[in-house]
Amino acid sequence: DDIPSRTRSTDIMPLAAHAHASSRLGFNRAARWSTTTSSSSRATRGEVGTSRAGRARRAGRATTTRAAVAGDETDAEARMREAMQMDIDANIPVEASTMRQTFPLAAVIGQEKIKSALLLGGVDPTLGGIAISGRRGTAKSIMARGLHALLPPIECVKDSFCNADPTQPSEWEEGLAGKASRDANGNVETIIRDAPFVQVPLGVTEDRLIGTVDIEESMKQGKTIFQPGLLAQAHRGILYVDEINLLDDGVSNLLLSVLAEGENVVEREGITLRHPCKPLLIATFNPEEGNLREHLLDRIAVTLSADQMLTFEDRVEAVNQAMGFQNSAEQSVQSVEEATEGIKTSIILAREWLQGCTITKE
C-alpha cells in the first residue's frame, strides 16, 4: 500500500481511459489541468512539455468519449461536442501560482507512510487533517509543500473571496449569488487558479485567522467591508500549520472548530456573514519543543511520526537529492517528472471515482 518513489505514468493509462469514459467531468478537469500546468507553471516548475501522463489523459479523452455517447449520437457529433467543450474550458482565465519551486514529493527518500497519508488527503480533503511529528531536518514541511505541487488547479467563481465552487452554489458565501458576474448567456463567470496553500503563522491573531472589517476600505466606500481571513483563502486548498504545538490555545481551538464544521461564521463590528471553509489541514510539530495537547490530537484524523531509521544508502541518496535540488532545482524536478505526472493523474482519477463511492452499513 505504500506509495512508490517512482511511478510509471504508463501503468495508469487503462485506468485513465476507464475513468474518463465513466465521468465527463473527470476528463474535462484533467484536460484543463494538463493545459494549465504546461502554460502557467513553466516559470516556476520548469517546462513540462507533452509528458506520458498528459498524452494518456488526452488519449483517454479522445478515444472514450465516443464510446460513452455511441448510443445517442454519431462520432461526428461527439467530436464536435467535445471540441466545443474544450474551447469553453480554454477560454476560462487562469491565475498562475506565485509560490516558488518546491522540492518534489516523489524525490523524498523514505517516509512512505506519510506520503501515503498526504496523497489520501489530496484525494479527499475532508479526511480530517494530518499531523506530522518529527525532529528538525525530517522533511516535514517539504512533504507538505510537495503535496501542494501535485494538486490540480481548481475552478472558482470569479467574484468569490473564498474560492467558491461554481458547481456547489449551496455552499457559496453569503451575497455571492447576487453579485457574481455573468456572461451573455447568464452563466456565472469562473476562473482557474492553483489550489491555495496558506500557512498559519505562530503569532496569528483571531481577526487575521477568521477575517474582520477592512477599516480603510470601509471609510472609502462609506459601508462596512469584510476583509477575508486565512481560513477563507485556504478553502479548497491546503491549510498548513507549522509547530502547531506552539500555537496559542484559543487560536488552535478556534481553528479546529471551524474546520470540523466546514463553515466559518464571522460576527464582527457591524457584520455577520458565513463562508465555506473546507481545506486539508496539515500540521507539523517537533516533540522536542513540546508535545501536542491531547485534545488537539483527538481532533486530527491522522498522526504520524517522521522520525525513522534510514540505512546508510538511503542517507547518501537523501543528501544527493537535497544537494542536487539546491544546485539545480529545475534539473532535480525533471529527474522525477515521470513519477510526478503519474501521481498527479492518480489524484485526479481517485477524486472522480470517490464521487461515486458509497459506504453501506454492512
# chains A, B, ... in the order shown; residues from 1 in each chain; ligands from 1

call {"tool": "select_by_dssp", "arguments": {"residues": "range 101-144 of chain A", "states": "strand (DSSP E or B)", "output": "PyMOL selection string"}}
result
chain A and resi 130-133

call {"tool": "residues_around", "arguments": {"residues": "Pro104 in chain A", "least_positions_apart": "2", "cutoff": "12 Å", "atoms": "only C-alpha atoms", "output": "VMD selection string"}}
result
chain A and resid 5 to 6 45 101 to 102 106 to 109 115 139 141 to 150 321 to 322 324 to 325 329 to 341 343 to 344

call {"tool": "write_last_selection", "arguments": {"atoms": "N, CA, C and O atoms", "output": "short mmCIF file (atom, residue, chain, number, x, y, z; two decimals), in the first residue's frame"}}
result
data_model
loop_
_atom_site.label_atom_id
_atom_site.label_comp_id
_atom_site.auth_asym_id
_atom_site.auth_seq_id
_atom_site.Cartn_x
_atom_site.Cartn_y
_atom_site.Cartn_z
N SER A 5 8.40 5.52 -4.68
CA SER A 5 9.06 6.78 -5.02
C SER A 5 9.18 6.97 -6.52
O SER A 5 9.45 8.06 -6.98
N ARG A 6 8.98 5.94 -7.31
CA ARG A 6 8.99 6.06 -8.76
C ARG A 6 7.72 5.41 -9.29
O ARG A 6 7.46 4.24 -9.05
N ARG A 45 8.00 25.86 -12.40
CA ARG A 45 8.15 24.41 -12.26
C ARG A 45 8.94 23.78 -13.38
O ARG A 45 9.09 22.58 -13.45
N GLN A 101 9.55 27.35 -6.57
CA GLN A 101 9.73 25.94 -6.86
C GLN A 101 9.91 25.15 -5.57
O GLN A 101 10.67 25.54 -4.68
N THR A 102 9.19 24.04 -5.44
CA THR A 102 9.26 23.23 -4.24
C THR A 102 9.94 21.90 -4.53
O THR A 102 9.92 21.43 -5.68
N ALA A 106 7.96 13.16 -4.91
CA ALA A 106 8.46 11.89 -5.42
C ALA A 106 9.96 11.71 -5.19
O ALA A 106 10.47 10.59 -5.27
N ALA A 107 10.67 12.81 -4.90
CA ALA A 107 12.11 12.73 -4.68
C ALA A 107 12.47 12.53 -3.22
O ALA A 107 13.65 12.35 -2.89
N VAL A 108 11.49 12.56 -2.33
CA VAL A 108 11.74 12.35 -0.90
C VAL A 108 12.08 10.88 -0.67
O VAL A 108 11.34 9.99 -1.11
N ILE A 109 13.16 10.63 0.02
CA ILE A 109 13.59 9.26 0.29
C ILE A 109 12.92 8.76 1.57
O ILE A 109 12.95 9.42 2.60
N LYS A 115 3.83 9.89 3.08
CA LYS A 115 3.47 10.22 1.71
C LYS A 115 2.12 9.62 1.33
O LYS A 115 1.31 10.25 0.64
N ALA A 139 12.11 16.54 6.90
CA ALA A 139 11.35 16.83 5.67
C ALA A 139 9.86 16.97 5.91
O ALA A 139 9.05 16.72 5.01
N SER A 141 7.96 19.86 6.50
CA SER A 141 7.39 20.94 5.68
C SER A 141 7.63 20.70 4.20
O SER A 141 6.81 21.10 3.36
N ILE A 142 8.72 20.04 3.85
CA ILE A 142 8.99 19.75 2.44
C ILE A 142 7.91 18.85 1.86
O ILE A 142 7.43 19.05 0.74
N MET A 143 7.48 17.85 2.63
CA MET A 143 6.45 16.94 2.13
C MET A 143 5.10 17.65 2.02
O MET A 143 4.32 17.39 1.10
N ALA A 144 4.80 18.55 2.97
CA ALA A 144 3.53 19.30 2.90
C ALA A 144 3.49 20.17 1.65
O ALA A 144 2.48 20.21 0.93
N ARG A 145 4.59 20.87 1.38
CA ARG A 145 4.63 21.72 0.18
C ARG A 145 4.71 20.88 -1.09
O ARG A 145 4.21 21.29 -2.14
N GLY A 146 5.35 19.73 -0.99
CA GLY A 146 5.41 18.84 -2.14
C GLY A 146 4.04 18.33 -2.55
O GLY A 146 3.75 18.16 -3.74
N LEU A 147 3.17 18.09 -1.58
CA LEU A 147 1.80 17.67 -1.90
C LEU A 147 1.06 18.77 -2.65
O LEU A 147 0.32 18.50 -3.60
N HIS A 148 1.26 20.01 -2.24
CA HIS A 148 0.57 21.12 -2.90
C HIS A 148 0.92 21.18 -4.38
O HIS A 148 0.06 21.48 -5.22
N ALA A 149 2.16 20.89 -4.72
CA ALA A 149 2.58 20.93 -6.13
C ALA A 149 1.90 19.84 -6.96
O ALA A 149 1.89 19.92 -8.19
N LEU A 150 1.32 18.83 -6.30
CA LEU A 150 0.66 17.73 -7.02
C LEU A 150 -0.83 17.94 -7.21
O LEU A 150 -1.45 17.23 -7.99
N GLN A 321 20.02 13.99 -3.22
CA GLN A 321 18.81 14.63 -3.72
C GLN A 321 18.74 16.09 -3.26
O GLN A 321 18.39 16.99 -4.04
N ALA A 322 19.05 16.32 -1.98
CA ALA A 322 18.99 17.68 -1.45
C ALA A 322 20.02 18.58 -2.11
O ALA A 322 19.73 19.73 -2.47
N GLY A 324 21.39 18.12 -5.06
CA GLY A 324 21.02 18.30 -6.47
C GLY A 324 19.96 19.36 -6.64
O GLY A 324 20.01 20.16 -7.57
N PHE A 325 18.97 19.38 -5.73
CA PHE A 325 17.92 20.39 -5.82
C PHE A 325 18.47 21.78 -5.51
O PHE A 325 18.07 22.76 -6.13
N ALA A 329 17.54 23.26 -9.26
CA ALA A 329 16.19 22.83 -8.93
C ALA A 329 15.45 22.29 -10.15
O ALA A 329 14.74 21.29 -10.07
N GLU A 330 15.64 22.94 -11.29
CA GLU A 330 14.92 22.53 -12.50
C GLU A 330 15.33 21.13 -12.93
O GLU A 330 14.49 20.29 -13.27
N GLN A 331 16.61 20.83 -12.88
CA GLN A 331 17.08 19.51 -13.27
C GLN A 331 16.60 18.45 -12.28
O GLN A 331 16.25 17.33 -12.67
N SER A 332 16.58 18.80 -11.00
CA SER A 332 16.10 17.86 -9.99
C SER A 332 14.63 17.53 -10.19
O SER A 332 14.22 16.37 -10.05
N VAL A 333 13.83 18.53 -10.53
CA VAL A 333 12.41 18.30 -10.78
C VAL A 333 12.20 17.44 -12.02
O VAL A 333 11.37 16.53 -12.03
N GLN A 334 12.98 17.70 -13.05
CA GLN A 334 12.85 16.92 -14.28
C GLN A 334 13.24 15.47 -14.09
O GLN A 334 12.70 14.58 -14.78
N SER A 335 14.12 15.18 -13.15
CA SER A 335 14.57 13.80 -12.94
C SER A 335 13.45 12.91 -12.40
O SER A 335 13.51 11.69 -12.56
N VAL A 336 12.45 13.51 -11.74
CA VAL A 336 11.32 12.73 -11.22
C VAL A 336 10.02 13.17 -11.88
O VAL A 336 8.94 12.95 -11.34
N GLU A 337 10.12 13.78 -13.06
CA GLU A 337 8.93 14.31 -13.71
C GLU A 337 7.93 13.22 -14.06
O GLU A 337 6.72 13.38 -13.89
N GLU A 338 8.43 12.06 -14.51
CA GLU A 338 7.53 10.98 -14.89
C GLU A 338 6.74 10.47 -13.69
O GLU A 338 5.52 10.27 -13.76
N ALA A 339 7.43 10.29 -12.56
CA ALA A 339 6.74 9.84 -11.35
C ALA A 339 5.76 10.90 -10.87
O ALA A 339 4.64 10.58 -10.44
N THR A 340 6.15 12.17 -10.95
CA THR A 340 5.26 13.25 -10.51
C THR A 340 4.00 13.31 -11.35
O THR A 340 2.89 13.46 -10.83
N GLU A 341 4.15 13.20 -12.68
CA GLU A 341 2.98 13.23 -13.55
C GLU A 341 2.06 12.06 -13.28
O GLU A 341 0.83 12.18 -13.34
N ILE A 343 1.61 10.54 -10.39
CA ILE A 343 0.89 10.79 -9.14
C ILE A 343 -0.20 11.83 -9.35
O ILE A 343 -1.31 11.71 -8.82
N LYS A 344 0.09 12.87 -10.13
CA LYS A 344 -0.91 13.90 -10.41
C LYS A 344 -2.16 13.28 -11.05
O LYS A 344 -3.29 13.57 -10.65
#

call {"tool": "closest_residue", "arguments": {"among": "A:Thr126, A:Asn327, A:Ser257, A:Asn264", "to": "Gly211 in chain A", "atoms": "only C-alpha atoms"}}
result
A:Asn264

call {"tool": "residues_around", "arguments": {"residues": "Glu267 in chain A", "least_positions_apart": "6", "cutoff": "9 Å", "atoms": "only C-alpha atoms", "output": "list in words"}}
result
Thr212, Leu273 and Arg274 of chain A

call {"tool": "select_by_dssp", "arguments": {"residues": "range 106-346 of chain A", "states": "helix (DSSP H, G or I)", "output": "ChimeraX atom specification"}}
result
/A:106-107,112-123,125-127,140-148,169-171,176-179,206-210,215-221,230-234,244-246,249-261,287-289,294-297,312-327,329-335,337-346

call {"tool": "residues_around", "arguments": {"residues": "Ala131 in chain A", "least_positions_apart": "3", "cutoff": "12 Å", "atoms": "only C-alpha atoms", "output": "ChimeraX atom specification"}}
result
/A:114,117-118,121,127-128,134,140-141,143-144,239-245,280-287,291-292,296-306

call {"tool": "atom_distance", "arguments": {"atom1": "CA of His235 in chain A", "atom2": "CA of Pro196 in chain A"}}
result
7.5 Å

call {"tool": "atom_distance", "arguments": {"atom1": "CA of Asp307 in chain A", "atom2": "CA of Gly137 in chain A"}}
result
9.6 Å

call {"tool": "atom_distance", "arguments": {"atom1": "CA of Leu209 in chain A", "atom2": "CA of Ile271 in chain A"}}
result
16.1 Å

call {"tool": "closest_residue", "arguments": {"among": "A:Leu246, A:Pro276, A:Ala260, A:Gly175", "to": "Phe226 in chain A", "atoms": "only C-alpha atoms"}}
result
A:Gly175

call {"tool": "closest_residue", "arguments": {"among": "A:Ala76, A:Arg135, A:Ile130, A:His275", "to": "Ser170 in chain A", "atoms": "only C-alpha atoms"}}
result
A:His275

call {"tool": "closest_residue", "arguments": {"among": "A:Asp249, A:Glu269, A:Glu82, A:Asp124", "to": "Leu354 in chain A", "atoms": "only C-alpha atoms"}}
result
A:Asp124

call {"tool": "closest_residue", "arguments": {"among": "A:Arg79, A:Arg182, A:Lys223, A:Lys113", "to": "Gln308 in chain A", "atoms": "only C-alpha atoms"}}
result
A:Lys113
